[in-house]
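A.B. asks: I am attaching a structure below and will ask some questions about it afterwards.
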Protein chains: 4
Amino acid sequence: MSEFDTVIKGGIVVTPRDQFRADIGIMGESIVAIGADLTGARTIDASGLLVMPGGVDSHCHIEQLRPDGTADEESFISASMSAFAGGTTSVITFASQFKGRPIGPSLIEYQARAASSMLDYSFHQIITDPTDDVIATEIPALVAAGIRSLKVFLTYDPLHVDDRGFLRILAAARRAGALVTVHCENYAAIGWMTEALLAAGHVAPKYHAWSRPVVVEREATYRAIALAELVDQPIQIFHVSCSEVAEEIARAQARGVKVWAETCPQYLTLTENDMDRPGFDGAKFMCSPAPRDAHAAAGLWAQIKSGTIGVISSDHSGYRIEGPRGKRSAGSDANFRDIPNGLPGLGARLALLFSEGVGGGRISASEFVALTAFNPAELFGLAHKGRLAPGADADIVLWDPAKQVTLRNEMMQHAIDYTPYEGKIVTGFPVLTMRRGEVVMRDGVVQAKPGTGRFMARGPYDYIKPAGHLAHGFDASLHA
Amino acid sequence: MSEFDTVIKGGIVVTPRDQFRADIGIMGESIVAIGADLTGARTIDASGLLVMPGGVDSHCHIEQLRPDGTADEESFISASMSAFAGGTTSVITFASQFKGRPIGPSLIEYQARAASSMLDYSFHQIITDPTDDVIATEIPALVAAGIRSLKVFLTYDPLHVDDRGFLRILAAARRAGALVTVHCENYAAIGWMTEALLAAGHVAPKYHAWSRPVVVEREATYRAIALAELVDQPIQIFHVSCSEVAEEIARAQARGVKVWAETCPQYLTLTENDMDRPGFDGAKFMCSPAPRDAHAAAGLWAQIKSGTIGVISSDHSGYRIEGPRGKRSAGSDANFRDIPNGLPGLGARLALLFSEGVGGGRISASEFVALTAFNPAELFGLAHKGRLAPGADADIVLWDPAKQVTLRNEMMQHAIDYTPYEGKIVTGFPVLTMRRGEVVMRDGVVQAKPGTGRFMARGPYDYIKPAGHLAHGFDASLHA
Amino acid sequence: MSEFDTVIKGGIVVTPRDQFRADIGIMGESIVAIGADLTGARTIDASGLLVMPGGVDSHCHIEQLRPDGTADEESFISASMSAFAGGTTSVITFASQFKGRPIGPSLIEYQARAASSMLDYSFHQIITDPTDDVIATEIPALVAAGIRSLKVFLTYDPLHVDDRGFLRILAAARRAGALVTVHCENYAAIGWMTEALLAAGHVAPKYHAWSRPVVVEREATYRAIALAELVDQPIQIFHVSCSEVAEEIARAQARGVKVWAETCPQYLTLTENDMDRPGFDGAKFMCSPAPRDAHAAAGLWAQIKSGTIGVISSDHSGYRIEGPRGKRSAGSDANFRDIPNGLPGLGARLALLFSEGVGGGRISASEFVALTAFNPAELFGLAHKGRLAPGADADIVLWDPAKQVTLRNEMMQHAIDYTPYEGKIVTGFPVLTMRRGEVVMRDGVVQAKPGTGRFMARGPYDYIKPAGHLAHGFDASLHA
Amino acid sequence: MSEFDTVIKGGIVVTPRDQFRADIGIMGESIVAIGADLTGARTIDASGLLVMPGGVDSHCHIEQLRPDGTADEESFISASMSAFAGGTTSVITFASQFKGRPIGPSLIEYQARAASSMLDYSFHQIITDPTDDVIATEIPALVAAGIRSLKVFLTYDPLHVDDRGFLRILAAARRAGALVTVHCENYAAIGWMTEALLAAGHVAPKYHAWSRPVVVEREATYRAIALAELVDQPIQIFHVSCSEVAEEIARAQARGVKVWAETCPQYLTLTENDMDRPGFDGAKFMCSPAPRDAHAAAGLWAQIKSGTIGVISSDHSGYRIEGPRGKRSAGSDANFRDIPNGLPGLGARLALLFSEGVGGGRISASEFVALTAFNPAELFGLAHKGRLAPGADADIVLWDPAKQVTLRNEMMQHAIDYTPYEGKIVTGFPVLTMRRGEVVMRDGVVQAKPGTGRFMARGPYDYIKPAGHLAHGFDASLHA
């Protein structure tokens with residue numbers, strides 16, 4: 001009936017709770033109408049396709065700086081290509097603080113590097129050194145600059161923060177109105193187990209999993225929630241690996257604690273046995289927490305279905321196998337401790353999840369949209385992302401639910417020389433990705449100009465306001 | 001940008017998972033677009049208002065026939081007025097089978113009576129006598145006629161069905177593709193308790209609650225679920241009165257049983273103490289299950305929030321106080337057993353729930369829409385109802401979230417001479433109701449022609465397909 | 001140091017919570033001392049043996065009358081031999097009411113038949129027809145006569161009682177101070193499933209298990225508890241077959257309901273696959289509830305360990321294979337419905353449990369004593385039984401914990417022509433049984449005179465006094 | 001019938017699972033017989049009294065050394081008097097390591113000081129500094145010397161051990177066969193809260209409770225269990241203050257983890273409101289964990305009843321109010337942080353628990369004996385204590401269950417100048433205490449010679465052997 005710049009025609013529009021046949025009318029960068037029989041200067045045929053919001057990947061490491069000034073090989077450009085190829089249109093990546101240094105300068109460098117992005121992006125600020133200045137000045141400044149989420153590692157040398165530091169960060173976040181995300185594994189336990197394993201001569205990649213069994217993640221998750229309860233500060237638990245961990249989160253949610261949870265495709269599709277593949281291949285599957293046993297996926301799906309886990313991100317953390325900083329850089333028979341851990345997954349996330357989830361009858365297409373786009377956008381305050389509604393950015397993926405694809409590393413279009421999902425057959429694949437009204441991928445071909453991505457400043461948001469459960473009514477964050 | 005018959009302009013559109021500012025474009029009876037800056041032949045200003053799907057009340061008794069051929073005083077016309085006044089645009093009411101008689105003829109009479117409705121309507125067919133003919137012939141015929149839900153009473157003379165009858169109905173529903181709804185209270189226990197109470201001289205209305213304590217409802221709920229599990233047939237539990245009952249449902253849901261739950265505003269706002277009001281006033285609050293104690297509401301809200309309970313209906317079941325079949329017809333000091341029980345709530349449902357729920361900070365406006373419109377429409381297969389999306393019926397309510405109203409019986413516009421909520425102050429109220437594109441209520445004034453309501457035939461639907469958990473893989477329904 | 005009639009010397013005395021080396025001094029029929037270095041006219045050497053209270057089997061069917069006046073082939077004499085051979089010294093068996101008849105006369109006949117017993121015995125009175133006279137007169141008379149426990153079947157033709165009847169019995173028991181034991185399976189569901197199975201041509205013994213899956217037992221258990229809660233009357237759930245059922249009991253116990261639970265060796269050692277053995281052999285393993293799958297035993301052991309299940313009885317219910325009323329009497333290819341179900345277990349109970357439990361490291365010897373002797377004696381008010389303490393009856397079994405035995409039917413010394421445990425190897429076996437100071441079994445040879453057993457009248461007891469949880473404080477039993 | 005040195009005549013003997021009328025015959029220091037009509041050179045009349053094993057208090061601080069070489073004012077002599085007055089006959093107290101120093105020399109001093117004891121005693125060795133030498137040499141030496149239990153503080157300056165230290169201690173205990181007991185509160189959280197409270201000007205005693213809310217104890221309990229699971233090492237959680245903490249323990253127990261729990265009378269009888277009494281009186285009730293709210297006791301009783309909590313000790317930790325190291329030594333308006341915390345309870349433990357527990361209908365007398373004597377003796381390997389059986393030490397308390405007493409500090413006979421239970425009326429009181437055959441208290445008058453107490457070396461014991469749950473089957477303790 002009307003004239004739009006672009007109309008996506010004849011598809012099934014999928015919202016986080018519903019689906020219906022409708023056209024989408026786009027003007028400039030935005031969706032302006034969802035309706036029947038729309039007409040536009042340009043028409044994109046979506047018959048037989050699902051029309052979904054572009055994926056929002058709220059957990060991926062891109063061009064992350066190292067203390068020596070170099071950065072991860074996965075650049076904003078390669079990451080953008082991989083994301084678009086896979087149907088993802090916006091990401092939240094990480095800015096890292098280095099111990100002993102302030103946040104400000106490195107954040108400036110991150111912003112500069114991100115200027116080349118084609119993806120829209122925001123940052124979680126990693127806090128590794130909660131000095132008085134960081135607490136009193138830099139965290140409020142971050143929030144004022146639209147970076148309203150912090151990341152804390154409870155393990156990892158040299159990133160990890162102890163309980164006192166974590167409490168200080170939680171209190172600063174509460175005062176400033178930021179959300180805190182947490183990597184939960186027990187630092188001391190992993191170190192102690194690692195030493196014991198190496199002392200026993202257990203050095204192969206599979207012992208990475210032995211060094212950090214479920215109980216180590218479960219403990220740290222419980223502790224993170226407990227300390228957040230003490231401060232009454234909302235948190236999101238990153239990369240929940242199994243239902244035992246999710247169960248602790250579900251218990252906290254049931255008593256009204258504002259704790260959210262995320263998992264990743266690797267925990268739904270890989271197991272620790274993958275780390276026991278012959279030769280050096282096991283190293284390709286090393287990440288933290290480690291993939292669990294064959295029962296873990298079923299448990300996670302149940303927790304996804306029940307709502308305990310609301311976000312599925314990639315935790316894309318790409319290390320090449322070969323090359324000066326690659327997984328093999330310490331040798332083909334390096335101790336597992338010396339092999340960088342992390343998996344690439346930005347490009348494969350949506351296809352894996354759709355195939356296992358929707359194709360496998362475990363979730364509906366609406367739940368897929370909620371988990372991969374709507375929920376992370378809502379939780380992290382990306383008001384214009386993750387939704388198909390008038391006023392939202394025209395970030396859209398057209399998805400062929402019947403297309404069968406054998407995953408190959410070249411499809412990932414990332415800077416990494418392997419994918420852990422090589423050869424896996426998936427059903428359902430993105431055929432067109434649109435970012436703010438512009439078609440940036442069609443049939444696997446990514447076309448976008450570096451620098452067209454935009455920083456997503458996040459304004460004040462209500463969604464995470466504190467839960468209101470303070471023991472004795474005493475708000476320690478006001479005094480600590 | 002375009003020309004619609006009607007545009008609802010400038011409101012906040014509320015979907016079951018999101019809300020955003022948008023206009024709604026309507027052509028004829030349908031929504032055709034949701035977008036920015038729509039123009040139409042007629043414009044309805046919705047600034048400052050919430051634009052929500054018209055309420056779907058999936059549980060209300062209207063003009064229900066009695067064995068003697070008379071019917072409840074709440075007619076389809078008075079019920080339509082009450083519903084429109086309160087923001088509800090479609091209902092599922094009940095057709096009743098009488099013991100010893102077939103379903104067919106009475107269903108024909110229900111259809112005839114419903115012809116006067118202004119509301120769109122469907123029926124749950126009450127089965128009281130699962131004869132071989134009902135099982136083999138009439139239930140499949142009902143489903144073929146678009147009546148895909150059955151109702152079973154596990155208590156109430158003379159309606160109740162015993163375990164064997166219930167199993168036969170479940171099996172027939174499974175074969176035919178119908179959902180079964182259940183009133184869960186233990187028949188024998190209520191009868192036994194009632195006799196004991198009367199023998200003890202406990203006759204006042206408040207003893208109605210004593211005659212059917214929580215355990216009586218909890219037991220029957222557990223049993224209904226167990227028998228449904230045996231048959232692998234989906235069910236909805238009607239009018240859950242407290243969290244103890246909901247907990248049994250949550251446990252079944254967690255193991256994958258297809259059991260859904262409903263509660264009603266009376267269980268969120270009234271208590272058994274209301275039945276102890278002076279004089280005959282207690283009788284106004286008698287319904288089954290009985291309202292519980294002061295803690296029940298908090299428990300129910302938690303179960304609503306967690307998703308255990310997904311539908312809030314009215315269980316409108318109106319009896320006048322005065323008149324030949326009124327609550328007082330057996331005298332002002334009648335035994336509680338002789339007082340008809342049931343409450344009117346069709347008109348008050350949405351306002352009560354919005355005020356307590358959204359106003360009280362317990363649920364979001366999106367959750368309100370899900371509970372009162374989207375979820376019942378989805379569960380019961382009303383494809384065009386309960387949603388604001390292109391292609392859906394233009395059943396819309398404009399809601400002023402700030403309007404404060406003192407509830408009075410005359411606002412209810414029903415045929416009943418009281419409301420249990422007389423004098424209650426609510427915040428948030430409907431200011432305009434539209435049914436299939438036609439404004440049927442504006443500022444409390446209902447305007448609609450009798451007979452404009454439409455029977456909603458429900459086609460085959462996927463949502464309730466059996467859960468797939470059969471012990472030993474044996475499908476008894478194929479042989480029973 | 002002193003002169004006793006008999007001293008059991010040098011064994012390890014096992015109490016329900018402790019074990020220690022001590023001698024036991026016996027005068028006449030009673031234990032009078034537990035001490036070091038006792039001397040007696042007769043000395044029984046117990047070096048290397050465990051000295052435990054004689055087994056109390058609180059659930060076994062002996063010489064049970066049939067409506068036609070005949071009785072089960074397992075007579076009091078054969079049952080006594082079997083019990084003594086297996087280390088059991090007292091039993092509670094059943095007196096049965098027949099529908100349409102009073103209790104009194106049949107109880108007189110039971111007492112007459114029991115006069116031949118060598119075992120000490122009491123009765124649970126089965127109530128099948130709770131007429132006004134039974135409720136008002138006969139139940140109080142039973143209690144006055146020392147028969148303080150009733151048995152209700154919620155399933156089985158023609159024994160089963162409906163919910164109303166069960167409520168009446170519970171109330172009568174509350175008024176009279178009796179405990180109620182319950183066979184929990186859903187009558188209607190079993191009947192309906194059985195018909196469906198037979199209609200599908202599923203007739204072999206294994207379909208007995210299909211006709212009554214776990215959910216059927218779980219439902220009836222929940223219902224029995226709920227109705228007992230309503231009346232505030234303590235109950236014991238008979239023969240819990242799996243942890244799903246036990247979990248419902250544990251939940252009730254946790255909220256303070258007085259509900260106890262029993263299981264039997266068949267649920268710890270057999271599975272439904274045993275009913276699928278070739279030929280007619282499956283019939284040997286038919287009992288109700290049916291043995292479950294291979295996981296059930298582990299779940300039951302956990303519930304035994306946690307205390308949910310406190311008694312392990314035999315549910316001895318012997319039917320011969322051959323003979324006029326035997327399992328094969330309806331033919332070798334009879335429908336499962338026509339094969340009498342029930343297993344003999346009186347003689348094997350203790351050896352099976354000791355071997356699987358104590359030998360298997362699942363329970364301690366003290367827990368064995370608690371489960372098989374002390375707890376049933378305490379629960380059912382057998383003040384002088386199940387304990388090794390001054391003043392108790394000298395009912396003692398000497399147990400060789402290391403003795404390995406291959407079970408054979410002839411060891412059972414019962415009237416039944418098979419044991420379901422034929423060929424099973426157990427570790428740990430009774431070598432001497434003493435009943436009230438008299439050695440009645442030594443190395444498998446039973447020596448006791450018919451008629452030396454004694455009726456155990458049970459006096460008023462405190463242990464089961466009502467829980468004190470009445471909704472609204474209303475005690476319906478006073479008026480019903 | 002025989003001649004004993006002493007016979008306790010005519011009482012009700014209470015064992016942890018039974019009670020019965022019997023006499024107790026004693027020769028020298030030991031019980032040699034339990035029987036009817038015993039005769040002795042000396043007869044103690046116990047008619048109307050309960051005869052129970054002398055209390056075993058497995059958690060009390062006596063004459064504990066401070067880093068400056070002085071010791072707590074509660075000496076072994078005063079503690080013995082208090083214990084005997086209250087019915088307790090053996091204790092496990094603490095030997096403390098000081099950071100930077102070896103264990104050996106201080107243990108020698110403890111042994112020297114304990115030489116004056118009239119009570120039988122053992123030690124838990126507190127480890128504060130798990131150096132390589134402590135781990136490799138001193139812990140095995142302790143176990144060889146009969147000190148088979150270690151104590152770890154997860155909070156308290158300067159005692160607390162971090163996660164790595166705790167893991168090392170757990171592994172050393174596993175290798176050596178010792179049990180580890182744990183004080184569970186989160187060190188960082190308490191410190192952070194305390195600073196915030198003081199910064200807010202909240203200095204009064206009641207803020208001690210605010211500084212360590214339930215979540216702080218719950219977290220550390222969960223963590224202690226998790227780390228113990230990782231190592232597969234049994235632990236006992238000290239002084240559980242409320243059911244929320246106990247619930248975490250119950251969950252671990254249900255999955256087979258060997259974790260035991262203790263609570264103390266202060267958590268059953270006091271609340272945090274007691275710390276808000278006027279003037280300096282609140283300081284009398286300061287202990288850690290802090291007493292909780294008015295609901296806590298009911299929750300704890302439920303967890304005691306269900307068996308989650310199996311030991312009730314005193315955590316006697318006496319500080320005088322007045323005097324150079326007393327609670328008031330920093331002034332009457334000292335910051336709560338500067339007031340020594342700990343309560344005296346050695347003398348009052350049994351009377352409080354009997355009155356609240358047995359008198360209150362919450363536990364039986366047998367459960368009282370289990371909780372206060374049998375269970376701690378069994379758990380900690382005191383083979384001859386806590387039981388009334390031939391061969392056990394004749395440690396006996398005669399208890400008048402009907403005696404009503406108003407508690408006064410002078411009855412406590414300890415070195416502390418107050419009791420937190422001043423003026424409390426209890427029903428049930430010890431009237432005679434016997435330690436190894438010697439009457440050491442009669443009607444409140446203690447008579448015993450210093451130095452008659454004996455060190456209880458604890459031999460190898462089975463009860464705590466590791467649970468056998470190691471992730472990946474890897475026993476890190478063998479390599480760490």
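Residues in the structure tokens are named by chain (A, B, ... in the order shown) and by number from 1 within that chain; ligands are numbered from 1 in the order shown.
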Return as a compact mmCIF listing (two decimals) with N, CA, C and O atoms, in the first residue's frame the full set of residues in region 87-220 of chain C whose backbone-based DSSP assignment is strand (DSSP E or B).
C.D. replies:
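Listing of states.txt after writing:
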```txt
# COMPACT_ATOMS: atom_id res chain seq x y z
N THR C 88 13.43 -64.82 61.19
CA THR C 88 12.31 -63.98 61.61
C THR C 88 11.56 -64.67 62.73
O THR C 88 11.29 -65.86 62.65
N THR C 89 11.21 -63.90 63.75
CA THR C 89 10.56 -64.50 64.92
C THR C 89 9.16 -63.98 65.21
O THR C 89 8.46 -64.52 66.04
N SER C 90 8.79 -62.88 64.59
CA SER C 90 7.40 -62.44 64.77
C SER C 90 6.90 -61.79 63.50
O SER C 90 7.68 -61.25 62.72
N VAL C 91 5.60 -61.90 63.32
CA VAL C 91 4.99 -61.37 62.10
C VAL C 91 3.71 -60.63 62.43
O VAL C 91 3.08 -60.87 63.46
N ILE C 92 3.38 -59.72 61.52
CA ILE C 92 2.01 -59.22 61.52
C ILE C 92 1.40 -59.67 60.20
O ILE C 92 1.91 -59.34 59.12
N THR C 93 0.37 -60.47 60.31
CA THR C 93 -0.31 -60.98 59.13
C THR C 93 -1.67 -60.29 59.04
O THR C 93 -1.91 -59.29 59.73
N PHE C 94 -2.54 -60.79 58.17
CA PHE C 94 -3.77 -60.05 57.88
C PHE C 94 -5.00 -60.87 58.22
O PHE C 94 -5.09 -62.06 57.91
N ALA C 95 -5.93 -60.16 58.83
CA ALA C 95 -7.29 -60.70 58.92
C ALA C 95 -8.10 -59.92 57.91
O ALA C 95 -7.96 -58.70 57.80
N SER C 96 -8.95 -60.62 57.16
CA SER C 96 -9.64 -59.96 56.07
C SER C 96 -11.12 -59.90 56.33
O SER C 96 -11.73 -60.86 56.82
N ASP C 120 5.35 -65.75 66.93
CA ASP C 120 4.47 -64.79 67.56
C ASP C 120 3.85 -63.95 66.46
O ASP C 120 4.50 -63.65 65.45
N TYR C 121 2.61 -63.55 66.66
CA TYR C 121 1.88 -62.93 65.55
C TYR C 121 0.91 -61.87 66.03
O TYR C 121 0.46 -61.88 67.17
N SER C 122 0.65 -60.95 65.16
CA SER C 122 -0.48 -60.04 65.34
C SER C 122 -1.14 -59.90 63.99
O SER C 122 -0.71 -60.50 63.01
N PHE C 123 -2.21 -59.13 63.95
CA PHE C 123 -2.95 -58.93 62.70
C PHE C 123 -3.07 -57.46 62.34
O PHE C 123 -3.24 -56.60 63.21
N HIS C 124 -2.98 -57.18 61.05
CA HIS C 124 -3.59 -55.97 60.49
C HIS C 124 -4.98 -56.39 60.02
O HIS C 124 -5.11 -57.39 59.30
N GLN C 125 -5.97 -55.64 60.38
CA GLN C 125 -7.31 -55.97 59.91
C GLN C 125 -7.58 -55.26 58.59
O GLN C 125 -7.58 -54.03 58.52
N ILE C 126 -7.80 -56.04 57.55
CA ILE C 126 -8.19 -55.47 56.25
C ILE C 126 -9.65 -55.04 56.32
O ILE C 126 -10.51 -55.82 56.73
N SER C 149 -4.00 -51.90 64.01
CA SER C 149 -3.64 -51.42 62.68
C SER C 149 -4.62 -51.98 61.66
O SER C 149 -5.01 -53.13 61.73
N LEU C 150 -5.01 -51.12 60.73
CA LEU C 150 -5.96 -51.47 59.70
C LEU C 150 -5.25 -51.46 58.37
O LEU C 150 -4.21 -50.79 58.21
N LYS C 151 -5.79 -52.21 57.43
CA LYS C 151 -5.20 -52.22 56.09
C LYS C 151 -6.27 -51.85 55.10
O LYS C 151 -7.39 -52.38 55.17
N VAL C 152 -5.92 -50.97 54.17
CA VAL C 152 -6.84 -50.57 53.12
C VAL C 152 -6.18 -50.81 51.77
O VAL C 152 -5.02 -50.46 51.57
N PHE C 153 -6.93 -51.41 50.87
CA PHE C 153 -6.49 -51.55 49.49
C PHE C 153 -7.15 -50.46 48.66
O PHE C 153 -8.38 -50.40 48.60
N LEU C 179 -3.34 -47.32 63.59
CA LEU C 179 -2.58 -46.90 62.42
C LEU C 179 -3.25 -47.52 61.19
O LEU C 179 -3.80 -48.61 61.27
N VAL C 180 -3.17 -46.81 60.06
CA VAL C 180 -3.75 -47.36 58.83
C VAL C 180 -2.62 -47.62 57.83
O VAL C 180 -1.79 -46.74 57.59
N THR C 181 -2.60 -48.83 57.30
CA THR C 181 -1.63 -49.16 56.26
C THR C 181 -2.36 -49.20 54.92
O THR C 181 -3.54 -49.53 54.88
N VAL C 182 -1.64 -48.88 53.86
CA VAL C 182 -2.34 -48.68 52.59
C VAL C 182 -1.58 -49.31 51.42
O VAL C 182 -0.36 -49.12 51.28
N HIS C 183 -2.30 -50.07 50.62
CA HIS C 183 -1.80 -50.52 49.31
C HIS C 183 -2.22 -49.44 48.31
O HIS C 183 -3.40 -49.25 48.06
```
A.B. asks: I'd like a table as CSV: residues in chain A with an atom no more than 6 Å from chain B, each row giving the shortest atom pair and its distance in Å to one decimal, only C-alpha atoms counted, sorted by chain and rising residue number.
C.D. replies:
```
residue,atom,partner,partner_atom,distance
A:Ser2,CA,B:Ser2,CA,5.5
A:Val32,CA,B:Gly35,CA,5.2
A:Ala33,CA,B:Gly35,CA,3.8
A:Ile34,CA,B:Ile34,CA,5.1
A:Gly35,CA,B:Ala33,CA,3.8
A:Ala36,CA,B:Val32,CA,5.3
A:Pro390,CA,B:Gly35,CA,5.2
```
A.B. asks: Next, write the just-selected residues to a file, as a short mmCIF file (atom, residue, chain, number, x, y, z; two decimals), in the first residue's frame, keeping N, CA, C and O atoms as the atom set.
C.D. replies:
```
data_model
loop_
_atom_site.label_atom_id
_atom_site.label_comp_id
_atom_site.auth_asym_id
_atom_site.auth_seq_id
_atom_site.Cartn_x
_atom_site.Cartn_y
_atom_site.Cartn_z
N SER A 2 2.06 1.20 0.51
CA SER A 2 2.80 2.46 0.57
C SER A 2 4.15 2.31 -0.08
O SER A 2 4.54 1.25 -0.53
N VAL A 32 10.03 0.72 9.56
CA VAL A 32 8.93 1.65 9.86
C VAL A 32 7.56 0.99 9.83
O VAL A 32 6.60 1.57 10.36
N ALA A 33 7.48 -0.16 9.21
CA ALA A 33 6.16 -0.80 9.22
C ALA A 33 6.29 -2.31 9.09
O ALA A 33 7.19 -2.82 8.45
N ILE A 34 5.32 -2.96 9.71
CA ILE A 34 5.16 -4.41 9.55
C ILE A 34 3.72 -4.57 9.12
O ILE A 34 2.81 -4.16 9.87
N GLY A 35 3.54 -5.08 7.92
CA GLY A 35 2.16 -5.10 7.47
C GLY A 35 1.95 -6.00 6.29
O GLY A 35 2.87 -6.69 5.84
N ALA A 36 0.74 -5.96 5.81
CA ALA A 36 0.39 -6.78 4.65
C ALA A 36 0.58 -5.95 3.39
O ALA A 36 0.33 -4.72 3.39
N PRO A 390 8.42 -1.27 14.41
CA PRO A 390 8.63 0.10 13.91
C PRO A 390 9.53 0.86 14.87
O PRO A 390 9.34 0.81 16.09
#
```
A.B. asks: Using only C-alpha atoms for the distances, tell me which of A:Ile169, A:Leu119, A:Ala365, A:Val426 is nearest to Ala136 (chain A).
C.D. replies: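 Closest candidate: A:Ile169.
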A.B. asks: In Å, how far is it from CA of Leu65 (chain C) to CA of Ser106 (chain C)?
C.D. replies: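 Between CA of Leu65 (chain C) and CA of Ser106 (chain C) the gap works out to 8.2 Å.
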A.B. asks: Using Å and a single decimal, report how far CA of Lys258 (chain C) sits from CA of Val369 (chain D).
C.D. replies: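 The value is 22.9 Å.
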A.B. asks: Looking at A:Lys449, A:Lys403, A:Lys465, A:His316, which one is nearest to Gly347 (chain A), with distances taken over only C-alpha atoms?
C.D. replies: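 Result for the nearest residue to Gly347 (chain A): A:His316.
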A.B. asks: If we count only C-alpha atoms and set the cut-off at 7 Å, which residues sit around Gly423 (chain A), ignoring sequence neighbours fewer than 4 positions away in its own chain? Please answer as a list of chain:residue names.
C.D. replies: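 Answer for this query is A:Thr406, A:Leu407, A:Arg408.
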A.B. asks: List the neighbours of Ser332 (chain A) out to 12 Å using only C-alpha atoms; skip same-chain residues closer than 6 positions along the sequence, and give me the result as a VMD selection string.
C.D. replies: chain A and resid 203 to 205 278 to 283 321 to 322 326 338 to 339
A.B. asks: As a PyMOL selection string, please: every residue in region 68-198 of chain D that DSSP puts in helix (DSSP H, G or I).
C.D. replies: chain D and resi 76-86+104-114+132-144+163-176+187-198
A.B. asks: For Thr221 (chain C), find every residue with an atom within 10 Å (counting only C-alpha atoms), except residues of its own chain fewer than 3 positions away, and show them as a count of residues only.
C.D. replies: 20
A.B. asks: List the spatial neighbours of Asn273 (chain C) as a compact mmCIF listing (two decimals) with N, CA and C atoms, in the first residue's frame - criterion: any atom at most 8 Å away, only C-alpha atoms, same-chain residues fewer than 4 positions off excluded.
C.D. replies:
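Written output follows (part_8.txt):
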```txt
# COMPACT_ATOMS: atom_id res chain seq x y z
N LYS C 206 4.47 -60.44 31.45
CA LYS C 206 5.17 -59.14 31.54
C LYS C 206 4.20 -57.96 31.43
N ARG C 277 10.64 -63.65 31.49
CA ARG C 277 11.40 -64.89 31.31
C ARG C 277 10.59 -65.89 30.48
N ASP C 293 12.24 -50.97 36.82
CA ASP C 293 13.38 -51.17 35.92
C ASP C 293 14.70 -51.26 36.71
```
A.B. asks: Of the candidates C:Ala220, C:Leu371, C:Leu379, C:Ala294, which shows the shortest atom-to-atom distance to Gln236 (chain C), using only C-alpha atoms?
C.D. replies: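 Result for the nearest residue to Gln236 (chain C): C:Leu379.
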A.B. asks: Would you please work out which residue, of D:Gly201, D:Gly55, D:Gly86, D:Gly40, is nearest to Ala348 (chain D) when using only C-alpha atoms?
C.D. replies: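 With only C-alpha atoms as the atom set, the closest residue is D:Gly86.
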A.B. asks: Just want the 9 Å neighbourhood of region 468-476 of chain B, counted on only C-alpha atoms, with same-chain residues fewer than 4 positions away dropped. Output as number ranges by chain.
C.D. replies: B: 171, 229-233, 256-257, 480; C: 192-193, 195-197, 200, 210, 213-215
